[in-house]
Each structure stands twice: as structure tokens, then as C-alpha cells.
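Heads up, query_29.txt below (compact mmCIF, C-alpha atoms):
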# COMPACT_ATOMS: atom_id res chain seq x y z
CA MET O 1 -33.78 -40.61 -6.91
CA PRO O 2 -34.44 -36.88 -7.33
CA ALA O 3 -31.35 -34.67 -7.56
CA ILE O 4 -30.42 -32.75 -4.45
CA SER O 5 -30.84 -29.05 -5.01
CA GLU O 6 -27.76 -26.88 -4.67
CA PRO O 7 -29.33 -24.63 -2.03
CA GLY O 8 -29.98 -27.69 0.14
CA VAL O 9 -26.37 -28.84 -0.19
CA LEU O 10 -25.09 -25.40 0.75
CA VAL O 11 -27.35 -25.21 3.80
CA ARG O 12 -26.12 -28.59 5.03
CA ALA O 13 -22.47 -27.65 4.34
CA ARG O 14 -22.82 -24.48 6.39
CA GLY O 15 -24.36 -26.52 9.19
CA TRP O 16 -21.42 -28.97 9.21
CA ILE O 17 -18.91 -26.09 9.29
CA LEU O 18 -20.73 -24.44 12.20
CA GLN O 19 -20.71 -27.74 14.10
CA LEU O 20 -16.97 -28.08 13.57
CA VAL O 21 -16.34 -24.54 14.79
CA ARG O 22 -18.54 -24.99 17.86
CA SER O 23 -16.90 -28.30 18.72
CA GLY O 24 -13.44 -26.76 18.50
CA LEU O 25 -12.30 -29.19 15.79
CA TYR O 26 -11.85 -26.37 13.29
CA ARG O 27 -10.35 -22.97 13.88
CA PRO O 28 -9.42 -20.28 11.39
CA ARG O 29 -5.66 -19.91 11.11
CA CYS O 30 -3.32 -16.98 10.66
CA ARG O 31 -2.59 -16.58 6.97
CA ASN O 32 0.98 -15.62 7.77
CA CYS O 33 2.24 -18.08 10.41
CA GLY O 34 -0.54 -20.70 10.59
CA GLN O 35 -1.33 -20.18 14.26
CA ASP O 36 -4.95 -20.54 15.36
CA LEU O 37 -6.92 -17.29 15.48
CA VAL O 38 -8.49 -17.34 18.92
CA GLY O 39 -8.85 -13.71 19.95
CA SER O 40 -12.04 -11.86 19.11
CA GLU O 41 -9.99 -9.05 17.52
CA GLU O 42 -7.90 -11.35 15.31
CA ARG O 43 -8.64 -11.13 11.60
CA VAL O 44 -6.60 -12.84 8.88
CA ILE O 45 -3.36 -12.64 10.87
CA CYS O 46 -2.83 -13.43 14.56
CA ARG O 47 -2.03 -11.09 17.42
CA ASP O 48 1.60 -12.25 17.54
CA CYS O 49 2.20 -11.38 13.87
CA ARG O 50 0.45 -8.04 14.27
CA GLU O 51 2.62 -7.13 17.26
CA LYS O 52 5.75 -7.80 15.23
CA ILE O 53 4.83 -5.03 12.80
CA LYS O 54 6.33 -1.87 14.27
CA PRO O 55 7.06 1.58 12.83
CA ALA O 56 10.60 2.49 11.81
CA THR O 57 12.77 4.09 14.47
CA GLU O 58 15.94 4.53 12.37
CA ASN O 59 17.18 7.87 11.09
CA GLN O 60 15.62 8.78 7.74
CA CYS O 61 15.98 11.64 5.29
CA PRO O 62 13.21 14.12 6.16
CA VAL O 63 12.50 14.67 2.47
CA CYS O 64 12.68 11.35 0.59
CA GLY O 65 12.48 9.01 3.60
CA ASP O 66 15.60 7.07 2.65
CA PHE O 67 17.46 5.46 5.55
CA VAL O 68 20.56 7.52 6.35
CA PRO O 69 23.30 7.26 9.01
CA ALA O 70 22.48 8.70 12.41
CA GLY O 71 23.43 12.35 12.60
CA ASN O 72 22.74 13.10 8.95
CA ASP O 73 20.12 15.76 8.39
CA SER O 74 19.23 14.55 4.90
CA CYS O 75 20.56 12.44 2.05
CA GLY O 76 22.91 13.80 -0.58
CA ALA O 77 20.48 13.08 -3.42
CA CYS O 78 17.82 15.43 -2.03
CA LEU O 79 20.39 18.18 -1.51
CA LEU O 80 21.58 17.90 -5.11
CA ALA O 81 18.18 17.47 -6.77
CA PRO O 82 15.03 18.10 -4.69
CA PRO O 83 12.32 15.54 -5.55
CA PRO O 84 8.91 16.52 -7.00
CA TYR O 85 7.12 16.05 -3.66
CA LEU O 86 7.22 17.83 -0.31
CA ARG O 87 7.95 14.68 1.67
CA HIS O 88 7.95 10.91 1.29
CA VAL O 89 7.34 8.84 4.42
CA SER O 90 6.96 5.12 5.05
CA TYR O 91 5.66 3.10 7.96
CA ALA O 92 8.75 0.87 8.23
CA ALA O 93 11.46 -0.98 6.34
CA TYR O 94 10.41 -3.61 3.80
CA GLU O 95 11.48 -6.62 5.84
CA GLU O 96 10.39 -9.32 8.28
CA THR O 97 6.68 -9.59 9.15
CA LEU O 98 5.61 -6.41 7.34
CA ARG O 99 7.22 -7.68 4.14
CA GLU O 100 5.50 -11.06 4.53
CA VAL O 101 2.10 -9.45 5.08
CA ILE O 102 2.48 -7.10 2.09
CA ILE O 103 3.41 -10.05 -0.14
CA LEU O 104 0.41 -11.99 1.19
CA TYR O 105 -1.87 -9.05 0.42
CA LYS O 106 -0.40 -8.07 -2.92
CA TYR O 107 0.36 -11.41 -4.53
CA GLY O 108 -1.82 -13.73 -2.46
CA GLU O 109 -4.72 -11.30 -3.03
CA VAL O 110 -5.89 -11.56 0.59
CA GLU O 111 -8.07 -8.47 0.26
CA PRO O 112 -9.22 -8.20 3.93
CA LEU O 113 -5.64 -7.19 4.80
CA LYS O 114 -6.38 -3.82 3.22
CA HIS O 115 -7.91 -2.72 6.53
CA LEU O 116 -4.78 -3.47 8.54
CA LEU O 117 -2.46 -1.91 5.97
CA ALA O 118 -4.63 1.20 5.68
CA GLN O 119 -4.48 1.48 9.46
CA LEU O 120 -0.66 1.42 9.32
CA CYS O 121 -0.78 4.17 6.70
CA GLN O 122 -3.13 6.23 8.85
CA GLU O 123 -0.80 5.87 11.85
CA THR O 124 2.08 7.11 9.67
CA VAL O 125 0.11 10.15 8.52
CA GLU O 126 -0.90 11.04 12.06
CA ARG O 127 2.64 10.58 13.36
CA LYS O 128 4.66 12.20 10.58
CA LEU O 129 2.44 14.35 8.37
CA PRO O 130 0.71 17.20 10.17
CA GLY O 131 -1.63 19.13 7.94
CA VAL O 132 -4.70 18.62 5.80
CA PHE O 133 -4.94 16.79 2.48
CA ASP O 134 -7.65 17.11 -0.13
CA ALA O 135 -7.48 13.55 -1.39
CA VAL O 136 -5.67 10.23 -1.55
CA VAL O 137 -4.37 9.39 -5.03
CA PRO O 138 -3.13 5.80 -5.49
CA VAL O 139 -0.23 4.97 -7.79
CA PRO O 140 -2.02 3.43 -10.80
CA ALA O 141 -1.87 -0.27 -11.55
CA ASP O 142 -0.11 -1.72 -14.56
CA LEU O 143 -2.25 -2.05 -17.69
CA ARG O 144 -2.57 -5.80 -17.18
CA ARG O 145 -4.15 -5.38 -13.71
CA ARG O 146 -6.70 -2.69 -14.45
CA HIS O 147 -9.63 -5.10 -14.33
CA GLY O 148 -8.42 -7.37 -11.53
CA PHE O 149 -7.48 -6.93 -7.90
CA GLN O 150 -5.67 -3.62 -7.44
CA PRO O 151 -4.06 -3.70 -3.99
CA VAL O 152 -2.90 -0.08 -3.82
CA ARG O 153 -6.28 1.23 -4.92
CA ALA O 154 -8.14 -0.99 -2.45
CA MET O 155 -5.91 0.09 0.43
CA GLY O 156 -6.07 3.74 -0.62
CA ARG O 157 -9.85 3.73 -0.60
CA VAL O 158 -9.92 2.50 3.01
CA LEU O 159 -7.24 5.01 4.01
CA ALA O 160 -9.15 7.94 2.51
CA ARG O 161 -12.25 6.89 4.42
CA ARG O 162 -10.27 6.62 7.67
CA LEU O 163 -8.77 10.08 7.13
CA GLY O 164 -12.09 11.60 6.11
CA ILE O 165 -10.76 13.00 2.82
CA GLY O 166 -11.45 12.48 -0.87
CA PHE O 167 -10.38 9.44 -2.85
CA TRP O 168 -9.35 10.05 -6.46
CA PRO O 169 -8.50 6.63 -7.92
CA ARG O 170 -8.55 7.62 -11.59
CA THR O 171 -6.52 10.81 -11.38
CA LEU O 172 -3.31 9.16 -12.60
CA LEU O 173 -3.15 6.60 -15.39
CA LYS O 174 -0.38 4.28 -16.45
CA LYS O 175 -0.44 4.67 -20.20
CA LYS O 176 2.02 1.97 -21.22
CA HIS O 177 3.09 -1.46 -20.07
CA THR O 178 6.54 -1.55 -18.49
CA LEU O 179 8.90 -4.26 -17.33
CA PRO O 180 8.72 -5.24 -13.64
CA GLN O 181 10.98 -2.95 -11.64
CA VAL O 182 12.33 -5.87 -9.61
CA GLY O 183 15.81 -6.84 -10.79
CA LEU O 184 16.50 -3.59 -12.66
CA SER O 185 19.26 -1.19 -11.70
CA GLN O 186 18.36 2.31 -10.53
CA ALA O 187 19.25 3.75 -13.94
CA GLN O 188 17.20 1.07 -15.71
CA ARG O 189 14.23 1.72 -13.43
CA LYS O 190 14.16 5.38 -14.39
CA VAL O 191 14.32 4.63 -18.12
CA ASN O 192 11.74 1.86 -17.77
CA LEU O 193 9.18 4.30 -16.33
CA ASP O 194 9.92 7.28 -18.56
CA GLY O 195 6.61 8.56 -19.93
CA ALA O 196 4.66 5.75 -18.23
CA PHE O 197 2.27 7.94 -16.20
CA MET O 198 -0.12 10.70 -17.14
CA LEU O 199 -2.91 12.79 -15.69
CA ALA O 200 -6.25 11.37 -16.78
CA ALA O 201 -8.21 13.41 -19.30
CA GLY O 202 -10.41 16.03 -17.67
CA LYS O 203 -8.79 15.72 -14.23
CA LYS O 204 -7.73 18.92 -12.50
CA VAL O 205 -5.37 18.93 -9.52
CA ASP O 206 -4.13 22.53 -9.62
CA GLY O 207 -3.96 23.87 -6.06
CA SER O 208 -4.81 20.51 -4.49
CA SER O 209 -2.90 18.97 -1.60
CA ILE O 210 -2.52 15.33 -2.55
CA LEU O 211 -1.46 12.29 -0.57
CA LEU O 212 0.13 9.99 -3.16
CA VAL O 213 0.01 6.37 -1.95
CA ASP O 214 1.88 3.20 -2.92
CA ASP O 215 2.75 -0.06 -1.18
CA VAL O 216 6.56 -0.40 -1.39
CA ALA O 217 9.33 2.01 -2.39
CA THR O 218 12.65 0.52 -3.47
CA THR O 219 14.54 3.30 -5.23
CA GLY O 220 11.59 5.70 -5.14
CA THR O 221 11.42 5.88 -8.93
CA THR O 222 7.70 5.09 -9.26
CA ILE O 223 6.68 7.56 -6.56
CA GLY O 224 8.93 10.20 -8.11
CA LYS O 225 7.52 9.76 -11.63
CA CYS O 226 3.92 9.93 -10.41
CA ALA O 227 4.60 12.91 -8.16
CA ALA O 228 6.25 14.75 -11.05
CA VAL O 229 3.08 14.42 -13.17
CA LEU O 230 0.93 15.81 -10.36
CA GLN O 231 3.39 18.59 -9.56
CA ARG O 232 3.57 19.72 -13.21
CA ASN O 233 -0.20 20.08 -13.10
CA GLY O 234 -0.15 22.34 -10.05
CA ALA O 235 -0.61 19.91 -7.14
CA ARG O 236 1.25 19.90 -3.83
CA VAL O 237 2.29 16.29 -3.37
CA THR O 238 3.17 14.31 -0.27
CA ALA O 239 4.09 10.66 -0.80
CA LEU O 240 3.25 7.77 1.52
CA THR O 241 4.31 4.14 1.23
CA LEU O 242 3.79 1.22 3.57
CA ALA O 243 7.40 0.10 3.40
CA ARG O 244 10.77 1.28 2.17
CA SER O 245 13.67 -0.85 1.02
CA ARG O 246 16.98 -0.24 2.75
CA PHE O 247 18.87 -0.55 -0.55

Would you mind writing the file's structure down as C-alpha cells?
Amino acid sequence: MPAISEPGVLVRARGWILQLVRSGLYRPRCRNCGQDLVGSEERVICRDCREKIKPATENQCPVCGDFVPAGNDSCGACLLAPPPYLRHVSYAAYEETLREVIILYKYGEVEPLKHLLAQLCQETVERKLPGVFDAVVPVPADLRRRHGFQPVRAMGRVLARRLGIGFWPRTLLKKKHTLPQVGLSQAQRKVNLDGAFMLAAGKKVDGSSILLVDDVATTGTTIGKCAAVLQRNGARVTALTLARSRF
């Protein structure tokens, strides 16, 4: 019996899948909660999960974005030592559905979620950051991830396109491998990232207004280190993260 060609097998497989979809026996499911995706606008996650992702309403420091008690104008840390950026804003706290979706995107490598997360970033810019930026600069990936999926870079590219500004993905480099920040104290985090970032050779940012983008801020150490490199080279830096830890 002659071997069945691969193209023929693929054609038949696609036909079976289409029949299942049309018959209602198979439906794509939300990658977060498992519910059927039935709405025409639903992609990757369902409408219910999307509606649970809401912007922060709590009082935050107007400089670093840290959550502070109601009535406080800013946090003590920013008063004592102003950070190397003009402002740092986040869409919401790193918890509940937003946390689950970020984990799904970042560690599950569900790349289509970059569109939703870039949309959340765009909403944050439009709500909290009046003004014009020259470019989006993503926090660089660790050395081990330079040739694989880079979630911050992928999201930043979509965000820059949505904002209609430049995208400079190779402006900052991480020049050494560091320990994961998770589980380290604030003091250890700072030491861990000392000298980790640099401006790429030949890159000029002097006089540029830069939107520095990352996914999650815990203590703000990574954002601070990257912003300091850009600031030393003459850039005006505003930082944007999807989520901010409360601790």
C-alpha cells in the first residue's frame, strides 16, 4: 500500500477539526479558567476573565507608583532619594486575574496575550501619562532568554505600534546573568542587579523621552537600574509596568 502523503493527512485533519467546530462538539476554551469561548470578540481568555481585570483605584505614590495609605502625597523613599525616572505607573496590583494572565503569558508562553496586555499598558498611558514619548524601550531579557520568547519585548512592540511611537528593543542590554529576583530581600535584589544593565554600543538616547516598559514591579529595583542607565546617558525616562506588587 502506498504511503499516505503528509499534506493529505493534514488536509483531512483540518477537515475533521472543522466538522467538530461546526457541529458544536469542540469549542476553544479560555486559557485561564477553561470556560468555552463563545463570543466573537473572545481571544485566548473569556469575557468574564477579561472583565475581572480592572485598573488600580488605590492611592499610589505619584512618583514611584508604590501603594501608600490614603491621604499620603508620596512615599518616604521618593522624598529621601528621588528615583532616576520622572514617574513609574502600573495598570493594577499584581494579584487575582491579572496575575494569572501575566503568568500564563510569561511562563506559559501564550504569545497572543501580548495584544491584551499591550492594550492595558496603552490604557494606563492614556489615563496617567499625558505627553509625548519618542520610543518604547523594553527592559532587556536575561542572557539565557535572548534567543527564545521574550515577553516584555513582544508586548512592548505591540504597545509602541498602538501608541504610534518608536520601538527600540536593543537600546538596553543585560550584560551578565543574575539570580532570579524572586525570593531575594530588597537589599539582595539591589546587589544582585548591580552593573547588570548597560546601554548598547552605538545607541544614543540623549534628549530622548523614553517609555521604559516591564511586566511586573516588586521592589522596583529592575526598573530603577535600567532607568538609571538611560538617565546617565541623557534620556528623560518614564517607567510603565503592567502590575505592581503591594509588598

Point to revise | Nearest-residue call for Val132 (chain O), choices O:Asp214, O:Met155, O:Arg236, O:Arg246, using only C-alpha atoms | key: O:Arg236

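Here CA of Cys30 (chain O) stands at a distance of 18.3 Å from CA of Lys54 (chain O).
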
**Study point:** Atomic distance CA of Arg29 (chain O) - CA of Gln119 (chain O), expressed in Å with one decimal
**Key:** 21.5 Å

Exercise for review: Within 12 Å of (-5.3, -6.7, 8.2) (coordinates as in the file), grab all the protein and nucleic acid residues, counting all atoms listed in the file, and write them out as a PyMOL selection string.
Suggested key: chain O and resi 30-32+41-47+49-50+53+98+101-102+104-105+110-121+155+158

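Of the listed residues O:Val89, O:Ala217, O:Leu159, O:Leu199, the one whose atoms come nearest to Pro140 (chain O) is O:Leu199, with distances taken using all atoms listed in the file.
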
**Study point:** One-decimal distance in Å that lies between CA of Arg157 (chain O) and CA of Pro130 (chain O)
**Key:** 20.2 Å

Point to revise | Selection: 12 Å around Tyr107 (chain O), all atoms listed in the file, excl. self and same-chain fewer than 6 positions, as a PyMOL selection string | key: chain O and resi 99-101+113+145+148-152

**Study point:** Nearest-residue call for Glu126 (chain O), choices O:Leu163, O:Leu79, O:Ala228, O:Ala235, using all atoms listed in the file
**Key:** O:Leu163

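Residue nearest Arg153 (chain O) within the list O:Tyr94, O:Tyr85, O:Phe167, O:Phe133: O:Phe167 [criterion: smallest interatomic distance, only C-alpha atoms].
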
Can you tell me, as AutoDock Vina command-line options, the centre and edge lengths (Å, one decimal) of the axis-aligned box enclosing all of region 116-127 of chain O's listed atoms after padding each side by 3 Å?
--center_x -1.1 --center_y 3.8 --center_z 9.5 --size_x 13.4 --size_y 20.5 --size_z 13.7

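Among the candidates O:Ala196, O:Ala135, O:Cys33, O:Val68, the residue lying nearest to Ala160 (chain O) is O:Ala135 (atoms considered: only C-alpha atoms).
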